[in-house]
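Chemist: Structure file input39.csv, CSV, C-alpha atoms, is pasted below:
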```csv
chain,number,residue,atom,x,y,z
A,16,MET,CA,159.9,83.0,114.2
A,17,ASP,CA,161.0,79.6,115.4
A,18,ALA,CA,158.6,79.8,118.3
A,19,LEU,CA,155.6,80.4,116.1
A,20,PRO,CA,153.1,77.5,115.4
A,21,ASP,CA,153.2,76.0,112.0
A,22,ALA,CA,149.9,77.6,110.9
A,23,ILE,CA,151.1,81.1,111.7
A,24,LEU,CA,154.4,80.6,110.1
A,25,GLN,CA,152.7,79.3,106.9
A,26,CYS,CA,150.3,82.3,107.0
A,27,ILE,CA,153.3,84.8,107.2
A,28,LEU,CA,155.3,83.1,104.5
A,29,SER,CA,152.3,82.8,102.2
A,30,ARG,CA,152.3,86.6,101.9
A,31,ILE,CA,155.7,86.6,100.3
A,32,THR,CA,155.5,87.2,96.6
A,33,SER,CA,159.0,87.8,95.2
A,34,ALA,CA,160.4,84.5,93.9
A,35,ARG,CA,163.9,85.5,95.2
A,36,ASP,CA,162.5,85.9,98.7
A,37,VAL,CA,160.7,82.6,98.5
A,38,SER,CA,163.9,80.9,97.4
A,39,SER,CA,165.8,82.5,100.3
A,40,CYS,CA,163.2,81.3,102.8
A,41,ASN,CA,163.9,77.7,101.5
A,42,CYS,CA,167.5,78.1,102.8
A,43,VAL,CA,166.7,79.3,106.3
A,44,SER,CA,165.6,76.0,107.8
A,45,LYS,CA,163.7,72.8,107.0
A,46,ARG,CA,160.7,74.2,108.8
A,47,TRP,CA,160.7,77.3,106.6
A,48,LYS,CA,161.2,75.2,103.5
A,49,ASP,CA,158.2,73.0,104.4
A,50,SER,CA,156.1,76.2,104.8
A,51,THR,CA,156.9,77.8,101.4
A,52,PRO,CA,154.5,75.6,99.4
A,53,TYR,CA,151.7,77.7,101.0
A,54,VAL,CA,152.6,80.9,99.1
A,55,ARG,CA,149.8,82.2,96.9
A,56,THR,CA,151.8,84.5,94.6
A,57,LEU,CA,155.0,84.2,92.7
A,58,TYR,CA,156.6,87.2,91.0
A,59,PHE,CA,159.6,86.9,88.8
A,60,PRO,CA,161.0,90.4,88.0
A,61,ARG,CA,162.7,91.3,84.7
A,62,ASN,CA,166.2,90.8,86.2
A,63,SER,CA,165.5,87.5,87.9
A,64,PHE,CA,168.0,85.7,85.7
A,65,ASP,CA,170.5,88.3,84.8
A,66,SER,CA,173.6,86.2,85.5
A,67,PRO,CA,175.8,85.8,82.4
A,68,LEU,CA,175.6,82.0,82.9
A,69,SER,CA,171.8,82.0,82.8
A,70,SER,CA,170.0,80.8,79.7
A,71,GLU,CA,166.3,80.8,78.8
A,72,GLY,CA,166.1,77.1,79.4
A,73,ALA,CA,167.7,77.4,82.8
A,74,ALA,CA,165.2,80.1,83.7
A,75,ASP,CA,162.3,77.9,82.5
A,76,ASN,CA,163.5,75.1,84.8
A,77,VAL,CA,163.9,77.3,87.8
A,78,ILE,CA,160.4,78.7,87.4
A,79,LYS,CA,159.0,75.2,86.9
A,80,LYS,CA,160.7,73.9,90.0
A,81,MET,CA,159.4,76.8,92.2
A,82,VAL,CA,155.8,76.6,90.9
A,83,SER,CA,155.7,72.8,91.3
A,84,ARG,CA,156.4,73.2,95.0
A,85,VAL,CA,153.4,75.4,95.6
A,86,VAL,CA,150.2,73.6,96.8
A,87,LYS,CA,147.7,76.2,95.4
A,88,LEU,CA,149.2,79.0,93.4
A,89,GLU,CA,146.7,81.7,92.7
A,90,GLU,CA,148.8,84.5,91.1
A,91,LEU,CA,151.8,84.2,88.8
A,92,ILE,CA,153.7,87.2,87.4
A,93,VAL,CA,156.6,86.6,85.0
A,94,TYR,CA,158.5,89.5,83.6
A,95,SER,CA,161.7,87.6,83.0
A,96,PRO,CA,162.3,86.0,79.6
A,97,PHE,CA,160.8,82.5,79.0
A,98,SER,CA,160.1,80.1,76.2
A,99,ALA,CA,156.8,78.7,74.9
A,100,ASN,CA,157.7,75.2,76.2
A,101,GLY,CA,158.6,76.7,79.6
A,102,LEU,CA,155.2,78.4,79.9
A,103,ALA,CA,153.5,75.2,78.9
A,104,SER,CA,155.3,73.2,81.6
A,105,TRP,CA,154.4,75.7,84.4
A,106,LEU,CA,150.8,76.2,83.5
A,107,SER,CA,150.2,72.4,83.1
A,108,LEU,CA,151.1,72.2,86.8
A,109,VAL,CA,149.3,75.2,88.3
A,110,GLY,CA,146.9,76.4,85.6
A,111,HIS,CA,143.9,74.9,87.4
A,112,SER,CA,144.4,77.0,90.5
A,113,LEU,CA,145.6,80.3,89.0
A,114,LEU,CA,143.2,83.2,89.3
A,115,GLN,CA,145.6,85.9,88.1
A,116,LEU,CA,148.2,85.6,85.4
A,117,GLU,CA,150.6,88.4,84.2
A,118,LEU,CA,153.2,87.7,81.5
A,119,ARG,CA,155.7,89.8,79.6
A,120,MET,CA,155.5,87.9,76.3
A,121,ASP,CA,158.1,89.9,74.3
A,122,ASN,CA,157.2,88.2,71.0
A,123,LEU,CA,156.2,91.2,68.9
A,124,ASN,CA,158.8,90.4,66.2
A,125,ASP,CA,158.3,86.6,66.1
A,126,ASN,CA,155.4,85.2,64.2
A,127,ARG,CA,157.0,81.8,63.7
A,128,GLU,CA,156.1,80.2,67.1
A,129,THR,CA,154.0,77.1,66.6
A,130,PRO,CA,152.3,76.6,68.9
A,131,SER,CA,152.7,80.1,70.4
A,132,LYS,CA,153.0,81.2,74.0
A,133,LEU,CA,149.5,82.5,73.7
A,134,ASP,CA,148.1,79.0,73.0
A,135,TYR,CA,149.3,77.8,76.4
A,136,VAL,CA,147.5,80.5,78.3
A,137,ALA,CA,144.4,78.3,77.8
A,138,PHE,CA,145.8,75.9,80.4
A,139,ALA,CA,144.8,78.5,83.0
A,140,LYS,CA,141.1,78.2,82.3
A,141,ASN,CA,139.8,79.5,85.7
A,142,LEU,CA,141.5,82.9,85.4
A,143,GLU,CA,139.8,86.0,86.8
A,144,SER,CA,142.5,88.4,85.6
A,145,LEU,CA,144.9,88.2,82.6
A,146,LYS,CA,147.5,90.8,81.8
A,147,LEU,CA,149.8,90.5,78.8
A,148,TRP,CA,152.7,92.7,77.7
A,149,GLY,CA,154.4,92.9,74.3
A,150,VAL,CA,152.1,90.5,72.4
A,151,LEU,CA,151.9,89.6,68.7
A,152,MET,CA,148.4,88.5,67.7
A,153,VAL,CA,148.4,87.8,63.9
A,154,ARG,CA,146.6,84.4,64.3
A,155,THR,CA,143.9,83.3,66.6
A,156,PRO,CA,145.2,81.7,69.8
A,157,ASN,CA,144.0,78.2,70.6
A,158,TRP,CA,141.7,79.3,73.4
A,159,ASP,CA,138.3,77.9,74.4
A,160,VAL,CA,136.4,80.0,76.9
A,161,PHE,CA,137.5,81.7,80.1
A,162,PRO,CA,134.2,81.5,82.1
A,163,ASN,CA,135.5,83.5,85.0
A,164,LEU,CA,137.7,86.1,83.3
A,165,LYS,CA,136.6,89.6,84.4
A,166,ASN,CA,139.7,91.7,83.7
A,167,LEU,CA,141.8,91.6,80.5
A,168,GLU,CA,144.7,93.9,80.0
A,169,ILE,CA,146.9,93.8,76.9
A,170,ILE,CA,149.7,96.4,76.7
A,171,GLY,CA,151.9,96.9,73.7
A,172,ALA,CA,150.5,94.6,71.0
A,173,LYS,CA,150.1,94.1,67.3
A,174,PHE,CA,146.7,92.7,66.2
A,175,GLU,CA,144.7,91.6,63.3
A,176,ASP,CA,141.1,92.7,63.5
A,177,HIS,CA,139.6,89.2,63.4
A,178,VAL,CA,142.1,87.8,65.9
A,179,LEU,CA,141.2,90.5,68.5
A,180,ILE,CA,137.5,89.9,68.0
A,181,ALA,CA,138.0,86.2,68.4
A,182,VAL,CA,140.0,86.7,71.6
A,183,LEU,CA,137.2,88.9,73.1
A,184,HIS,CA,134.7,86.2,72.3
A,185,THR,CA,136.5,83.8,74.6
A,186,CYS,CA,136.0,86.3,77.5
A,187,PRO,CA,132.2,86.6,77.7
A,188,VAL,CA,131.9,87.9,81.3
A,189,LEU,CA,134.6,90.7,81.1
A,190,THR,CA,133.8,93.7,83.2
A,191,ARG,CA,137.1,95.5,82.6
A,192,LEU,CA,139.1,95.8,79.3
A,193,LEU,CA,142.3,97.7,78.7
A,194,LEU,CA,144.1,97.6,75.3
A,195,LEU,CA,147.0,100.1,75.5
A,196,GLY,CA,149.6,101.0,72.9
A,197,CYS,CA,148.2,98.6,70.4
A,198,GLU,CA,148.7,98.6,66.6
A,199,GLY,CA,147.1,97.1,63.5
A,200,VAL,CA,143.4,97.4,64.4
A,201,ARG,CA,141.3,99.0,61.6
A,202,SER,CA,137.7,98.1,62.3
A,203,LEU,CA,136.7,96.7,65.7
A,204,SER,CA,133.4,95.6,67.0
A,205,ILE,CA,133.2,94.7,70.7
A,206,GLU,CA,130.1,93.1,72.1
A,207,LEU,CA,130.5,92.3,75.8
A,208,PRO,CA,127.3,92.5,77.8
A,209,TYR,CA,128.9,92.8,81.3
A,210,LEU,CA,131.6,95.3,80.4
A,211,GLU,CA,131.7,98.3,82.8
A,212,GLN,CA,135.2,99.8,82.2
A,213,CYS,CA,136.9,100.1,78.8
A,214,LYS,CA,140.2,101.9,77.9
A,215,LEU,CA,141.5,101.7,74.3
A,216,ASP,CA,144.7,103.2,73.0
A,217,PHE,CA,145.5,102.5,69.4
A,218,TYR,CA,148.4,103.6,67.2
A,219,GLY,CA,148.2,104.5,63.6
A,220,MET,CA,144.6,103.5,63.1
A,221,GLY,CA,143.9,106.3,60.6
A,222,ASN,CA,140.3,106.2,59.3
A,223,SER,CA,139.3,103.4,61.7
A,224,SER,CA,136.0,102.5,63.4
A,225,LEU,CA,134.9,101.2,66.8
A,226,THR,CA,131.5,99.8,67.7
A,227,LEU,CA,131.0,99.0,71.4
A,228,ILE,CA,127.9,97.1,72.4
A,229,SER,CA,128.0,97.0,76.2
A,230,PRO,CA,124.8,98.2,77.8
A,231,LYS,CA,126.4,98.3,81.3
A,232,ILE,CA,129.4,100.4,80.3
A,233,GLU,CA,130.2,103.1,82.9
A,234,SER,CA,133.6,104.4,81.9
A,235,LEU,CA,135.0,104.7,78.3
A,236,GLU,CA,138.3,106.1,77.2
A,237,VAL,CA,139.3,105.9,73.5
A,238,GLN,CA,142.5,107.2,71.8
A,239,GLY,CA,143.5,106.9,68.1
A,240,CYS,CA,140.1,106.1,66.6
A,241,SER,CA,138.2,108.1,64.0
A,242,TRP,CA,134.7,106.7,64.2
A,243,ILE,CA,133.1,105.6,67.5
A,244,ARG,CA,129.6,104.1,67.9
A,245,VAL,CA,128.3,103.2,71.4
A,246,PRO,CA,124.6,102.4,71.4
A,247,GLU,CA,122.7,101.6,74.6
A,248,THR,CA,124.7,103.7,77.0
A,249,LYS,CA,122.3,104.4,79.9
A,250,HIS,CA,125.0,103.8,82.5
A,251,LEU,CA,127.8,105.8,81.0
A,252,ARG,CA,129.3,108.2,83.5
A,253,GLU,CA,132.9,108.9,82.2
A,254,LEU,CA,133.8,109.5,78.6
A,255,SER,CA,137.1,110.5,77.1
A,256,ILE,CA,138.0,110.8,73.4
A,257,SER,CA,141.5,112.1,72.8
A,258,ASN,CA,141.5,111.9,69.0
A,259,THR,CA,140.0,115.2,67.6
A,260,SER,CA,138.7,113.3,64.6
A,261,GLY,CA,136.5,111.0,66.7
A,262,SER,CA,132.7,111.3,66.2
```
Represent the structure of the file as structure tokens.
Modeler:
Amino acid sequence: MDALPDAILQCILSRITSARDVSSCNCVSKRWKDSTPYVRTLYFPRNSFDSPLSSEGAADNVIKKMVSRVVKLEELIVYSPFSANGLASWLSLVGHSLLQLELRMDNLNDNRETPSKLDYVAFAKNLESLKLWGVLMVRTPNWDVFPNLKNLEIIGAKFEDHVLIAVLHTCPVLTRLLLLGCEGVRSLSIELPYLEQCKLDFYGMGNSSLTLISPKIESLEVQGCSWIRVPETKHLRELSISNTSGS
């Protein structure tokens, strides 16, 4: 590795994604440390900060330090615990370059955050893909519009109808939507003109309704919904309704 030109070394190290591996590379030599700012993806697993001495604030600072060293971070995946202030500090640094963001929010039981973690996602305005795990959405996040967001995945969430509808309005060019293991939705109307793939899995909706207005829809899977209306489905090729009361 020491004999490799700088450009090749930077290319190799830019393919490292695990935050622990990136941190280890910083300790190998000054040349390796000088190349790590060229990584494109940083991934913080759930157990990244399992030390008994670790705190949420310490974890926030470590993540901030690492993302601040990257020249152009395109993908950030954080499964380890973090605070709203921590998220704000990272995304204020790299939000402009991020194309893919995946966060384990873990705030299902906390509706007192003001501003919430969700509000700070707006700092990553150029996202193409957003994945959120364990999300509480009882008030509308302070989002403008994500003009390039084509993939939205929310897994394990509690919603209010009007909040979910408002969130979808901020993603006008979505082509893929996954809402899995979600609670609280009673009547949902989705109008996304470019949507091609849609998978919805709701808990405890009872006598609920879904209206999907997406003329380009090709694949639709729905679970846990009683009434389903999908007009203008000339391109529909795959359909799955796992609730026997669906109509």
Chemist: Just checking: using all atoms listed in the file, which residue out of A:Glu89, A:Glu143, A:Asp216, A:Glu198 ends up closest to A:Asn166?
Modeler: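 Once distances to A:Asn166 are computed over all atoms listed in the file, the minimum belongs to A:Glu143.
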Chemist: What's around A:Ala181 at 12 Å? Count only C-alpha atoms, leave out sequence neighbours fewer than 4 positions away in its own chain, and write the answer as a list in words.
Modeler: Met152, Val153, Arg154, Thr155, Pro156, Asn157, Trp158, Asp159, Val160, Phe174, Glu175, Asp176, His177, Thr185, Cys186, Pro187, Leu203, Ser204, Ile205 and Glu206 of chain A
Chemist: Residues within 6 Å of A:Pro60, please, as a VMD selection string. Count only C-alpha atoms; anything in the same chain fewer than 2 positions from it doesn't count.
Modeler: chain A and resid 62 to 63 94 to 95
Chemist: Ranking A:Leu195, A:Leu88, A:Tyr53, A:Ala99 by minimum distance to A:Asp75 and counting all atoms listed in the file, which one comes first?
Modeler: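 Closest candidate: A:Ala99.
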Chemist: Rounded to one decimal, what separation in Å do you get between atom CA of A:Leu102 and atom CA of A:Leu142?
Modeler: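 Interatomic distance, atom CA of A:Leu102 to atom CA of A:Leu142: 15.4 Å.
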Chemist: Between atom CA of A:Trp105 and atom CA of A:Asp121, what distance in Å does the model show, to one decimal?
Modeler: 17.8 Å
Chemist: Quick one: pull the distance between atom CA of A:Ile228 and atom CA of A:Gly199, Å, one decimal.
Modeler: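 Computing it gives 21.2 Å between the two atoms.
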Chemist: Skipping near chain neighbours, those fewer than 3 positions away, what residues fall within 9 Å of A:Gln212 using only C-alpha atoms, listed as a PyMOL selection string?
Modeler: chain A and resi 190-193+231-236
